[in-house]
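Listing of target.pdb; format and content: PDB, C-alpha atoms.
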ATOM      1  CA  MET I 223      97.524 -30.618 184.340
ATOM      2  CA  ALA I 224      96.865 -32.386 181.031
ATOM      3  CA  SER I 225      95.534 -35.929 181.187
ATOM      4  CA  LEU I 226      95.945 -38.618 178.552
ATOM      5  CA  THR I 227      94.127 -41.927 178.802
ATOM      6  CA  PHE I 228      94.843 -44.836 176.508
ATOM      7  CA  THR I 229      93.943 -48.511 176.357
ATOM      8  CA  ILE I 230      96.373 -51.411 176.088
ATOM      9  CA  GLU I 231      95.243 -54.576 174.375
ATOM     10  CA  PRO I 232      95.630 -57.949 176.140
ATOM     11  CA  ASP I 233      98.611 -59.090 174.058
ATOM     12  CA  GLU I 234     100.385 -55.776 174.679
ATOM     13  CA  PHE I 235      99.728 -56.057 178.407
ATOM     14  CA  LEU I 236     101.171 -59.580 178.426
ATOM     15  CA  GLY I 237     104.300 -58.242 176.753
ATOM     16  CA  LEU I 238     104.633 -55.491 179.360
ATOM     17  CA  ARG I 239     104.202 -57.967 182.167
ATOM     18  CA  ALA I 240     106.893 -60.200 180.662
ATOM     19  CA  LEU I 241     109.319 -57.265 180.496
ATOM     20  CA  VAL I 242     108.571 -56.378 184.114
ATOM     21  CA  GLU I 243     109.292 -59.943 185.205
ATOM     22  CA  LEU I 244     112.565 -59.931 183.255
ATOM     23  CA  ASP I 245     113.604 -56.658 184.907
ATOM     24  CA  ARG I 246     112.851 -58.063 188.346
ATOM     25  CA  ALA I 247     114.823 -61.212 187.572
ATOM     26  CA  ALA I 248     117.781 -59.114 186.390
ATOM     27  CA  ASP I 249     117.633 -57.112 189.642
ATOM     28  CA  GLY I 250     117.747 -60.238 191.768
ATOM     29  CA  GLY I 251     114.038 -60.914 191.936
ATOM     30  CA  ASP I 252     113.300 -57.994 194.260
ATOM     31  CA  PRO I 253     109.538 -57.435 194.021
ATOM     32  CA  GLY I 254     109.968 -53.817 195.041
ATOM     33  CA  THR I 255     112.096 -52.935 192.027
ATOM     34  CA  GLY I 256     110.335 -50.805 189.439
ATOM     35  CA  ASN I 257     106.749 -49.626 189.321
ATOM     36  CA  GLY I 258     105.194 -52.488 187.398
ATOM     37  CA  ALA I 259     103.641 -52.409 183.971
ATOM     38  CA  VAL I 260     102.737 -48.708 184.129
ATOM     39  CA  SER I 261     106.308 -47.639 184.810
ATOM     40  CA  LYS I 262     107.641 -49.959 182.117
ATOM     41  CA  ALA I 263     105.152 -48.662 179.548
ATOM     42  CA  LYS I 264     106.072 -45.062 180.335
ATOM     43  CA  ALA I 265     109.781 -45.844 180.110
ATOM     44  CA  LEU I 266     109.313 -47.483 176.712
ATOM     45  CA  MET I 267     107.156 -44.613 175.519
ATOM     46  CA  ARG I 268     109.689 -41.987 176.626
ATOM     47  CA  THR I 269     112.537 -43.881 174.969
ATOM     48  CA  ALA I 270     110.613 -44.158 171.705
ATOM     49  CA  LEU I 271     109.627 -40.473 171.872
ATOM     50  CA  ALA I 272     113.231 -39.420 172.467
ATOM     51  CA  ASP I 273     114.384 -41.444 169.456
ATOM     52  CA  LYS I 274     111.681 -40.010 167.205
ATOM     53  CA  LEU I 275     112.380 -36.451 168.383
ATOM     54  CA  GLU I 276     116.065 -36.936 167.719
ATOM     55  CA  GLN I 277     115.301 -38.166 164.198
ATOM     56  CA  ALA I 278     113.103 -35.106 163.686
ATOM     57  CA  GLY I 279     115.879 -32.797 164.903
ATOM     58  CA  LEU I 280     113.992 -31.708 168.024
ATOM     59  CA  PRO I 281     115.143 -31.718 171.670
ATOM     60  CA  TRP I 282     113.363 -33.613 174.418
ATOM     61  CA  ALA I 283     110.098 -31.946 175.477
ATOM     62  CA  PRO I 284     110.199 -29.366 172.662
ATOM     63  CA  SER I 285     108.312 -26.143 173.096
ATOM     64  CA  ALA I 286     105.317 -25.313 170.938
ATOM     65  CA  GLU I 287     107.420 -22.694 169.153
ATOM     66  CA  ALA I 288     110.167 -25.188 168.281
ATOM     67  CA  ALA I 289     107.633 -27.758 167.084
ATOM     68  CA  GLY I 290     105.867 -25.108 164.983
ATOM     69  CA  LYS I 291     109.115 -24.055 163.302
ATOM     70  CA  ARG I 292     110.028 -27.658 162.561
ATOM     71  CA  ALA I 293     106.559 -28.370 161.159
ATOM     72  CA  ALA I 294     106.723 -25.249 158.981
ATOM     73  CA  GLY I 295     110.064 -26.391 157.596
ATOM     74  CA  ALA I 296     108.696 -29.847 156.845
ATOM     75  CA  ALA I 297     105.642 -28.349 155.112
ATOM     76  CA  ALA I 298     107.745 -26.063 152.913
ATOM     77  CA  PRO I 299     107.552 -26.805 149.184
ATOM     78  CA  ALA I 300     110.159 -29.391 148.261
ATOM     79  CA  SER I 301     112.548 -29.051 145.377
ATOM     80  CA  ALA I 302     111.644 -30.601 142.048
ATOM     81  CA  LEU I 303     114.126 -33.454 142.476
ATOM     82  CA  ARG I 304     113.016 -34.142 146.046
ATOM     83  CA  GLY I 305     109.383 -34.072 144.987
ATOM     84  CA  LEU I 306     110.109 -36.518 142.185
ATOM     85  CA  THR I 307     112.016 -38.996 144.376
ATOM     86  CA  GLY I 308     109.394 -38.758 147.103
ATOM     87  CA  ASN I 309     106.514 -39.456 144.729
ATOM     88  CA  GLY I 310     105.595 -43.138 144.767
ATOM     89  CA  LYS I 311     103.876 -43.039 141.375
ATOM     90  CA  ALA I 312     106.843 -41.269 139.804
ATOM     91  CA  ARG I 313     109.275 -43.842 141.210
ATOM     92  CA  LYS I 314     107.095 -46.705 139.971
ATOM     93  CA  GLY I 315     106.831 -45.140 136.524
ATOM     94  CA  ALA I 316     110.600 -44.638 136.383
ATOM     95  CA  ALA I 317     111.130 -48.282 137.375
ATOM     96  CA  TYR I 318     108.797 -49.481 134.602
ATOM     97  CA  LEU I 319     110.552 -47.223 132.085
ATOM     98  CA  ALA I 320     113.980 -48.515 133.138
ATOM     99  CA  ALA I 321     112.762 -52.140 132.874
ATOM    100  CA  VAL I 322     111.435 -51.549 129.353
ATOM    101  CA  ALA I 323     114.697 -49.856 128.333
ATOM    102  CA  LEU I 324     116.731 -52.772 129.733
ATOM    103  CA  VAL I 325     114.629 -55.364 127.901
ATOM    104  CA  ALA I 326     115.006 -53.395 124.667
ATOM    105  CA  ALA I 327     118.776 -53.155 125.172
ATOM    106  CA  LEU I 328     119.035 -56.905 125.864
ATOM    107  CA  TRP I 329     117.006 -57.718 122.767
ATOM    108  CA  GLY I 330     119.020 -55.360 120.632
ATOM    109  CA  GLY I 331     122.349 -56.500 122.036
ATOM    110  CA  TYR I 332     121.846 -60.259 121.822
ATOM    111  CA  VAL I 333     119.321 -60.616 118.962
ATOM    112  CA  ARG I 334     120.013 -57.655 116.711
ATOM    113  CA  GLY I 335     123.734 -57.448 117.486
ATOM    114  CA  TRP I 336     123.902 -53.797 118.536
ATOM    115  CA  GLN I 337     127.634 -53.375 119.095
ATOM    116  CA  TRP I 338     127.286 -50.314 121.327
ATOM    117  CA  THR I 339     125.615 -52.396 124.058
ATOM    118  CA  GLY I 340     128.621 -54.690 124.496
ATOM    119  CA  PHE I 341     126.275 -57.505 125.538
ATOM    120  CA  ARG I 342     127.494 -60.062 123.013
ATOM    121  CA  VAL I 343     131.080 -59.647 124.153
ATOM    122  CA  ASN I 344     129.962 -60.107 127.757
ATOM    123  CA  GLY I 345     127.388 -62.794 127.089
ATOM    124  CA  GLN I 346     128.137 -65.304 129.842
ATOM    125  CA  LEU I 347     126.556 -65.447 133.277
ATOM    126  CA  TRP I 348     129.979 -64.868 134.844
ATOM    127  CA  ASP I 349     130.183 -61.472 133.138
ATOM    128  CA  TRP I 350     126.814 -60.498 134.569
ATOM    129  CA  LEU I 351     127.922 -61.630 138.037
ATOM    130  CA  THR I 352     130.915 -59.306 137.939
ATOM    131  CA  LEU I 353     128.527 -56.485 137.021
ATOM    132  CA  LEU I 354     125.615 -57.141 139.376
ATOM    133  CA  LEU I 355     127.030 -58.960 142.405
ATOM    134  CA  LEU I 356     128.188 -55.861 144.300
ATOM    135  CA  PRO I 357     124.840 -53.988 144.216
ATOM    136  CA  VAL I 358     122.931 -57.197 145.063
ATOM    137  CA  VAL I 359     125.204 -57.909 148.023
ATOM    138  CA  LEU I 360     124.976 -54.300 149.209
ATOM    139  CA  GLY I 361     121.197 -54.623 149.243
ATOM    140  CA  THR I 362     120.831 -58.033 150.906
ATOM    141  CA  ILE I 363     123.597 -58.677 153.452
ATOM    142  CA  PRO I 364     122.698 -55.653 155.665
ATOM    143  CA  LEU I 365     119.150 -57.013 156.008
ATOM    144  CA  TRP I 366     120.414 -60.303 157.448
ATOM    145  CA  ILE I 367     122.676 -58.496 159.922
ATOM    146  CA  GLN I 368     120.641 -55.468 160.996
ATOM    147  CA  ASP I 369     117.013 -56.613 160.644
ATOM    148  CA  LYS I 370     117.214 -60.411 160.697
ATOM    149  CA  GLU I 371     114.560 -60.689 163.401
ATOM    150  CA  TYR I 372     111.993 -59.048 161.087
ATOM    151  CA  ILE I 373     112.493 -61.427 158.150
ATOM    152  CA  GLY I 374     109.582 -63.868 158.112
ATOM    153  CA  LYS I 375     109.819 -67.632 157.850
ATOM    154  CA  GLY I 376     108.331 -67.661 154.362
ATOM    155  CA  ARG I 377     111.030 -65.384 153.005
ATOM    156  CA  ARG I 378     113.723 -67.409 154.747
ATOM    157  CA  VAL I 379     112.442 -70.508 152.960
ATOM    158  CA  ILE I 380     112.439 -68.665 149.621
ATOM    159  CA  TYR I 381     116.006 -67.493 150.185
ATOM    160  CA  ALA I 382     117.103 -71.003 151.157
ATOM    161  CA  VAL I 383     115.533 -72.434 147.985
ATOM    162  CA  ALA I 384     117.207 -69.720 145.887
ATOM    163  CA  ILE I 385     120.615 -70.438 147.437
ATOM    164  CA  THR I 386     120.145 -74.171 146.886
ATOM    165  CA  GLY I 387     119.143 -73.609 143.263
ATOM    166  CA  TRP I 388     122.112 -71.308 142.718
ATOM    167  CA  THR I 389     124.477 -73.932 144.180
ATOM    168  CA  GLY I 390     123.025 -76.524 141.821
ATOM    169  CA  LEU I 391     123.491 -74.177 138.849
ATOM    170  CA  VAL I 392     127.152 -73.601 139.747
ATOM    171  CA  MET I 393     127.749 -77.358 140.035
ATOM    172  CA  ALA I 394     125.997 -77.951 136.704
ATOM    173  CA  GLY I 395     128.114 -75.242 135.104
ATOM    174  CA  TYR I 396     131.237 -77.214 135.977
ATOM    175  CA  LEU I 397     130.010 -80.797 135.585
ATOM    176  CA  ILE I 398     127.774 -80.799 132.493
ATOM    177  CA  PRO I 399     129.208 -78.204 131.509
ATOM    178  CA  LEU I 400     126.953 -75.255 130.710
ATOM    179  CA  ASN I 401     129.096 -73.053 128.489
ATOM    180  CA  TRP I 402     126.774 -70.063 128.744
ATOM    181  CA  THR I 403     127.529 -69.769 132.470
ATOM    182  CA  GLY I 404     131.260 -69.294 131.941
ATOM    183  CA  PHE I 405     131.906 -71.095 135.223
ATOM    184  CA  ARG I 406     134.153 -73.851 133.892
ATOM    185  CA  ASP I 407     136.847 -71.340 132.930
ATOM    186  CA  GLN I 408     136.924 -69.937 136.468
ATOM    187  CA  MET I 409     139.035 -71.376 139.281
ATOM    188  CA  LEU I 410     138.624 -70.810 142.993
ATOM    189  CA  TRP I 411     140.929 -67.796 142.813
ATOM    190  CA  GLY I 412     138.483 -66.080 140.474
ATOM    191  CA  TRP I 413     135.540 -66.787 142.786
ATOM    192  CA  LEU I 414     137.438 -65.360 145.752
ATOM    193  CA  ASN I 415     138.203 -62.172 143.846
ATOM    194  CA  LEU I 416     134.543 -61.956 142.829
ATOM    195  CA  LEU I 417     133.035 -62.597 146.267
ATOM    196  CA  VAL I 418     135.459 -61.446 148.976
ATOM    197  CA  LEU I 419     135.470 -57.696 148.412
ATOM    198  CA  PRO I 420     131.674 -57.142 148.129
ATOM    199  CA  ALA I 421     130.886 -59.463 151.040
ATOM    200  CA  ALA I 422     133.627 -58.022 153.260
ATOM    201  CA  VAL I 423     132.810 -54.360 152.677
ATOM    202  CA  THR I 424     129.071 -54.892 153.038
ATOM    203  CA  THR I 425     129.409 -56.955 156.217
ATOM    204  CA  VAL I 426     131.648 -54.385 157.896
ATOM    205  CA  MET I 427     129.324 -51.526 156.940
ATOM    206  CA  ALA I 428     126.263 -53.411 158.202
ATOM    207  CA  LEU I 429     127.920 -54.344 161.511
ATOM    208  CA  THR I 430     129.082 -50.745 162.043
ATOM    209  CA  SER I 431     125.592 -49.400 161.374
ATOM    210  CA  ALA I 432     123.975 -52.031 163.633
ATOM    211  CA  ARG I 433     126.308 -51.203 166.514
ATOM    212  CA  ALA I 434     125.614 -47.505 166.060
ATOM    213  CA  ARG I 435     121.847 -48.134 166.358
ATOM    214  CA  ARG I 436     122.110 -50.849 169.023
ATOM    215  CA  PRO I 437     125.367 -50.798 171.023
ATOM    216  CA  GLY I 438     126.575 -54.334 171.617
ATOM    217  CA  ALA I 439     124.922 -55.704 168.479
ATOM    218  CA  SER I 440     126.869 -58.566 166.941
ATOM    219  CA  LEU I 441     126.514 -61.548 164.649
ATOM    220  CA  CYS I 442     124.272 -64.429 165.654
ATOM    221  CA  PRO I 443     125.887 -67.750 166.626
ATOM    222  CA  TYR I 444     124.830 -69.395 163.359
ATOM    223  CA  GLN I 445     126.270 -66.490 161.363
ATOM    224  CA  MET I 446     129.559 -66.765 163.248
ATOM    225  CA  ALA I 447     129.529 -70.536 162.660
ATOM    226  CA  ILE I 448     129.088 -69.965 158.899
ATOM    227  CA  ILE I 449     131.997 -67.516 158.839
ATOM    228  CA  ALA I 450     134.181 -69.938 160.849
ATOM    229  CA  ALA I 451     133.305 -72.824 158.496
ATOM    230  CA  VAL I 452     134.102 -70.716 155.414
ATOM    231  CA  ALA I 453     137.419 -69.603 156.940
ATOM    232  CA  ALA I 454     138.353 -73.201 157.809
ATOM    233  CA  GLY I 455     137.474 -74.372 154.294
ATOM    234  CA  TRP I 456     139.562 -71.579 152.801
ATOM    235  CA  ILE I 457     142.585 -72.589 154.899
ATOM    236  CA  VAL I 458     142.193 -76.162 153.631
ATOM    237  CA  THR I 459     142.179 -74.945 150.020
ATOM    238  CA  VAL I 460     145.305 -72.848 150.635
ATOM    239  CA  ILE I 461     147.143 -75.873 152.027
ATOM    240  CA  GLY I 462     145.908 -78.087 149.209
ATOM    241  CA  GLY I 463     146.576 -75.505 146.514
ATOM    242  CA  TYR I 464     150.202 -74.839 147.410
ATOM    243  CA  THR I 465     151.241 -78.130 149.033
ATOM    244  CA  LEU I 466     149.234 -80.712 147.082
ATOM    245  CA  ARG I 467     149.069 -78.656 143.881
ATOM    246  CA  TRP I 468     145.292 -78.676 143.510
ATOM    247  CA  ARG I 469     145.026 -77.044 140.096
ATOM    248  CA  TRP I 470     141.334 -76.224 140.464
ATOM    249  CA  THR I 471     142.166 -73.690 143.181
ATOM    250  CA  GLY I 472     144.223 -71.546 140.805
ATOM    251  CA  TYR I 473     146.517 -70.634 143.714
ATOM    252  CA  PRO I 474     149.913 -71.774 142.334
ATOM    253  CA  GLY I 475     151.645 -68.836 140.705
ATOM    254  CA  HIS I 476     150.016 -66.210 142.906
ATOM    255  CA  THR I 477     152.408 -64.484 145.307
ATOM    256  CA  LEU I 478     151.909 -62.863 148.694
ATOM    257  CA  TRP I 479     151.435 -59.547 146.903
ATOM    258  CA  ASP I 480     148.445 -60.987 145.036
ATOM    259  CA  TRP I 481     146.935 -62.253 148.298
ATOM    260  CA  LEU I 482     147.436 -58.886 149.981
ATOM    261  CA  GLY I 483     145.675 -57.164 147.105
ATOM    262  CA  MET I 484     142.645 -59.416 147.618
ATOM    263  CA  LEU I 485     142.563 -59.757 151.413
ATOM    264  CA  LEU I 486     143.462 -56.248 152.590
ATOM    265  CA  PRO I 487     139.938 -54.949 151.749
ATOM    266  CA  LEU I 488     138.667 -57.652 154.130
ATOM    267  CA  VAL I 489     141.281 -57.512 156.887
ATOM    268  CA  PHE I 490     141.724 -53.759 157.111
ATOM    269  CA  PRO I 491     138.110 -52.585 157.585
ATOM    270  CA  ALA I 492     137.081 -55.608 159.668
ATOM    271  CA  ILE I 493     140.083 -55.955 162.008
ATOM    272  CA  LEU I 494     142.472 -53.008 161.773
ATOM    273  CA  LEU I 495     140.198 -50.046 161.044
ATOM    274  CA  PRO I 496     138.001 -50.116 164.221
ATOM    275  CA  PRO I 497     140.900 -49.901 166.751
ATOM    276  CA  LEU I 498     142.672 -47.370 164.525
ATOM    277  CA  LEU I 499     139.617 -45.104 164.404
ATOM    278  CA  LYS I 500     139.126 -45.552 168.148
ATOM    279  CA  TRP I 501     142.713 -44.451 168.819
ATOM    280  CA  VAL I 502     142.683 -41.537 166.353
ATOM    281  CA  SER I 503     139.365 -40.118 167.630
ATOM    282  CA  GLY I 504     139.999 -40.825 171.288
ATOM    283  CA  ASN I 505     137.060 -43.262 171.309
ATOM    284  CA  ALA I 506     134.677 -40.479 170.298
ATOM    285  CA  ALA I 507     132.034 -42.950 169.123
ATOM    286  CA  GLY I 508     132.135 -44.862 172.408
ATOM    287  CA  ARG I 509     131.882 -41.685 174.492
ATOM    288  CA  ALA I 510     129.005 -40.417 172.342
ATOM    289  CA  SER I 511     127.162 -43.717 172.780
ATOM    290  CA  ALA I 512     127.749 -43.673 176.538
ATOM    291  CA  ALA I 513     126.507 -40.073 176.771
ATOM    292  CA  TYR I 514     123.370 -40.965 174.809
ATOM    293  CA  GLN I 515     122.671 -43.992 177.001
ATOM    294  CA  ALA I 516     123.188 -41.881 180.122
ATOM    295  CA  THR I 517     120.778 -39.249 178.816
ATOM    296  CA  MET I 518     118.157 -41.894 178.083
ATOM    297  CA  ALA I 519     118.634 -43.395 181.548
ATOM    298  CA  ARG I 520     118.133 -39.995 183.188
ATOM    299  CA  THR I 521     115.046 -39.443 181.055
ATOM    300  CA  VAL I 522     113.525 -42.718 182.216
ATOM    301  CA  ILE I 523     114.454 -42.147 185.859
ATOM    302  CA  ALA I 524     112.972 -38.663 185.760
ATOM    303  CA  ALA I 525     109.622 -39.979 184.545
ATOM    304  CA  PRO I 526     106.847 -39.079 187.027
ATOM    305  CA  ARG I 527     105.731 -42.126 188.944
ATOM    306  CA  THR I 528     102.091 -43.034 188.909
ATOM    307  CA  SER I 529     100.401 -46.036 190.425
ATOM    308  CA  PRO I 530      98.459 -48.316 188.129
ATOM    309  CA  PRO I 531      94.709 -48.217 188.563
ATOM    310  CA  ARG I 532      92.732 -51.191 189.675
ATOM    311  CA  PRO I 533      92.445 -53.883 186.979
ATOM    312  CA  ALA I 534      89.420 -53.369 184.772
ATOM    313  CA  ARG I 535      87.032 -56.178 184.075
ATOM    314  CA  SER I 536      87.428 -55.702 180.341
ATOM    315  CA  PRO I 537      90.100 -57.764 178.546
ATOM    316  CA  SER I 538      92.291 -54.692 178.088
ATOM    317  CA  ALA I 539      94.070 -52.558 180.672
ATOM    318  CA  THR I 540      93.569 -48.778 180.873
ATOM    319  CA  TRP I 541      95.402 -46.109 182.832
ATOM    320  CA  SER I 542      95.928 -42.323 182.801
ATOM    321  CA  THR I 543      99.137 -40.349 182.667
ATOM    322  CA  THR I 544      99.408 -36.725 183.679
ATOM    323  CA  ARG I 545     101.988 -34.046 183.178
ATOM    324  CA  SER I 546     102.131 -30.400 184.037
ATOM    325  CA  THR I 547     101.544 -27.899 181.294
TER     326      THR I 547
END
Show me the file's structure as structure tokens.
Amino acid sequence: MASLTFTIEPDEFLGLRALVELDRAADGGDPGTGNGAVSKAKALMRTALADKLEQAGLPWAPSAEAAGKRAAGAAAPASALRGLTGNGKARKGAAYLAAVALVAALWGGYVRGWQWTGFRVNGQLWDWLTLLLLPVVLGTIPLWIQDKEYIGKGRRVIYAVAITGWTGLVMAGYLIPLNWTGFRDQMLWGWLNLLVLPAAVTTVMALTSARARRPGASLCPYQMAIIAAVAAGWIVTVIGGYTLRWRWTGYPGHTLWDWLGMLLPLVFPAILLPPLLKWVSGNAAGRASAAYQATMARTVIAAPRTSPPRPARSPSATWSTTRST
């Protein structure tokens, strides 16, 4: 028998106790359900271990031989490209070099008039939006969907200030106007073509990834409220554009074919693609998720039960776990 003893800090023990109480409440408040904080800690530990082993390509409870082979593979010399991308200093140096090259190209394009850059021809902010919006959206929207609970309050405030400032810049571009923004020449139709495709594709990809990691994951109520408000506002503009002839929408003159070309990238992956993939694959993703959850449940149930020791007088709780070797 191998014994492992570890200490849990007071805040960690409070968290375990809260989870135990929640489990008992979910089971009808039966005090005999579960084995208390020790059982909950072991269940969490086994779940985390199983996830990490799966990421490492190892089965549950791997043998010493399997672990040794996997470690030898990980310690093997990496390729030159892999070594370069995995080197923090090399990545930082490449980023600095790219920044210097970009500044030089901007200076040459706008100040010196280097024709090969094409910057003077595309000198308005709108041109840069069409170039940069997709990669920016791909990098930011998944964070708000998949890892929103880990974004701190300070960053949320910064993002809110940035969005407010951006809204003010767009309004100034139309009202003052600021010719360098290029906004005044753009109608609502142009903004929809600019924004819908990147936002739609990124949102669908992020939701699919989140559900794969956490089955049942979905948008928060405030996120759904934002989407509903945007959809309602869009319907109002459609009615106003075609019925009341609001020229600023840019809708008159665009046919159903034009709308299909813009909206299909949103409607198809978000609404039609999931049931189609489910039917074609025979719900393979759902069955795989159910099998994984069943395996994890059996792993937790099979955990050896140990009784927690008597509470220590120190502010932290300590217990031992044993397993056969």
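Residues with any atom within 7 Å of Thr403 (chain I), counting only C-alpha atoms and excluding same-chain neighbours fewer than 5 positions away, are Gln346, Leu347, Trp348 and Gly395 of chain I.
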Exercise. Within 9 Å of region 292-294 of chain I, counting all atoms listed in the file, which residues qualify if same-chain residues fewer than 4 places away don't, as number ranges by chain?
Worked result: I: 278-280, 287-288, 298
For the residues selected in the previous step, produce a file with C-alpha atoms as an mmCIF file, in the frame of the given file.
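Result written to selection01.cif:
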data_model
loop_
_atom_site.group_PDB
_atom_site.id
_atom_site.type_symbol
_atom_site.label_atom_id
_atom_site.label_comp_id
_atom_site.auth_asym_id
_atom_site.auth_seq_id
_atom_site.Cartn_x
_atom_site.Cartn_y
_atom_site.Cartn_z
ATOM 1 C CA ALA I 278 113.103 -35.106 163.686
ATOM 2 C CA GLY I 279 115.879 -32.797 164.903
ATOM 3 C CA LEU I 280 113.992 -31.708 168.024
ATOM 4 C CA GLU I 287 107.420 -22.694 169.153
ATOM 5 C CA ALA I 288 110.167 -25.188 168.281
ATOM 6 C CA ALA I 298 107.745 -26.063 152.913
#
Using all atoms listed in the file, find each residue in region 315-418 of chain I having at least one atom no more than 12 Å away from region 445-465 of chain I; report its shortest atom-to-atom pair and that distance in Å (one decimal), rows by chain then rising number, as CSV.
residue,atom,partner,partner_atom,distance
I:Ile363,CA,I:Gln445,CA,11.4
I:Trp366,CA,I:Gln445,CA,9.4
I:Ile367,CA,I:Gln445,CA,8.9
I:Lys370,CA,I:Gln445,CA,10.9
I:Met409,CA,I:Gly463,CA,11.2
I:Leu410,CA,I:Thr459,CA,8.9
I:Trp411,CA,I:Thr459,CA,10.2
I:Trp413,CA,I:Trp456,CA,11.8
I:Leu414,CA,I:Trp456,CA,9.6
I:Val418,CA,I:Val452,CA,11.4
Problem set entry | Hits from the PyMOL selection byres ((chain I and resi 484) around 10), listed as a list in words |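 Selected by the PyMOL selection byres ((chain I and resi 484) around 10) in this file: Trp411, Leu414, Asn415, Leu416, Val418, Leu419, Leu478, Trp479, Asp480, Trp481, Leu482, Gly483, Leu485, Leu486, Pro487, Leu488 and Val489 of chain I.
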Go ahead and write the residues just picked, C-alpha atoms, as a PDB file, in the coordinates of the input.
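again_10.pdb, written as the output of this step:
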ATOM      1  CA  TRP I 411     140.929 -67.796 142.813  1.00  0.00           C
ATOM      2  CA  LEU I 414     137.438 -65.360 145.752  1.00  0.00           C
ATOM      3  CA  ASN I 415     138.203 -62.172 143.846  1.00  0.00           C
ATOM      4  CA  LEU I 416     134.543 -61.956 142.829  1.00  0.00           C
ATOM      5  CA  VAL I 418     135.459 -61.446 148.976  1.00  0.00           C
ATOM      6  CA  LEU I 419     135.470 -57.696 148.412  1.00  0.00           C
ATOM      7  CA  LEU I 478     151.909 -62.863 148.694  1.00  0.00           C
ATOM      8  CA  TRP I 479     151.435 -59.547 146.903  1.00  0.00           C
ATOM      9  CA  ASP I 480     148.445 -60.987 145.036  1.00  0.00           C
ATOM     10  CA  TRP I 481     146.935 -62.253 148.298  1.00  0.00           C
ATOM     11  CA  LEU I 482     147.436 -58.886 149.981  1.00  0.00           C
ATOM     12  CA  GLY I 483     145.675 -57.164 147.105  1.00  0.00           C
ATOM     13  CA  LEU I 485     142.563 -59.757 151.413  1.00  0.00           C
ATOM     14  CA  LEU I 486     143.462 -56.248 152.590  1.00  0.00           C
ATOM     15  CA  PRO I 487     139.938 -54.949 151.749  1.00  0.00           C
ATOM     16  CA  LEU I 488     138.667 -57.652 154.130  1.00  0.00           C
ATOM     17  CA  VAL I 489     141.281 -57.512 156.887  1.00  0.00           C
TER      18      VAL I 489
END
For this session: Have a look at CA of Val359 (chain I) and CA of Tyr381 (chain I) and let me know their distance in Å, one decimal.
Result: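 Result for CA of Val359 (chain I) versus CA of Tyr381 (chain I): 13.5 Å, one decimal.
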Exercise. How many Å lie between CA of Val392 (chain I) and CA of Arg406 (chain I), rounded to one decimal?
Worked result: 9.1 Å
For this session: Would you mind reading off the distance between CA of Trp282 (chain I) and CA of Ala270 (chain I), one decimal, in Å?
Result: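 If I compute the distance from CA of Trp282 (chain I) to CA of Ala270 (chain I), I get 11.2 Å.
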What box, with edges along x, y and z, holds each listed atom of region 393-399 of chain I when 8 Å is added on every side, and can you state its centre and edge lengths in Å to one decimal, as JSON?
{"center_x": 128.6, "center_y": -78.0, "center_z": 135.8, "size_x": 21.2, "size_y": 21.6, "size_z": 24.5}
Exercise. Which one of I:Thr227, I:Gly472, I:Thr269, I:Val423 sits closest to Asp407 (chain I) if you count all atoms listed in the file?
Worked result: I:Gly472
For this session: In the coordinates of the file, take the point (130.9, -60.8, 132.3) and a cut-off of 12 Å; then, counting all atoms listed in the file, name each qualifying protein, DNA or RNA residue as a VMD selection string.
Result: chain I and resid 340 to 355 402 to 405 408 416
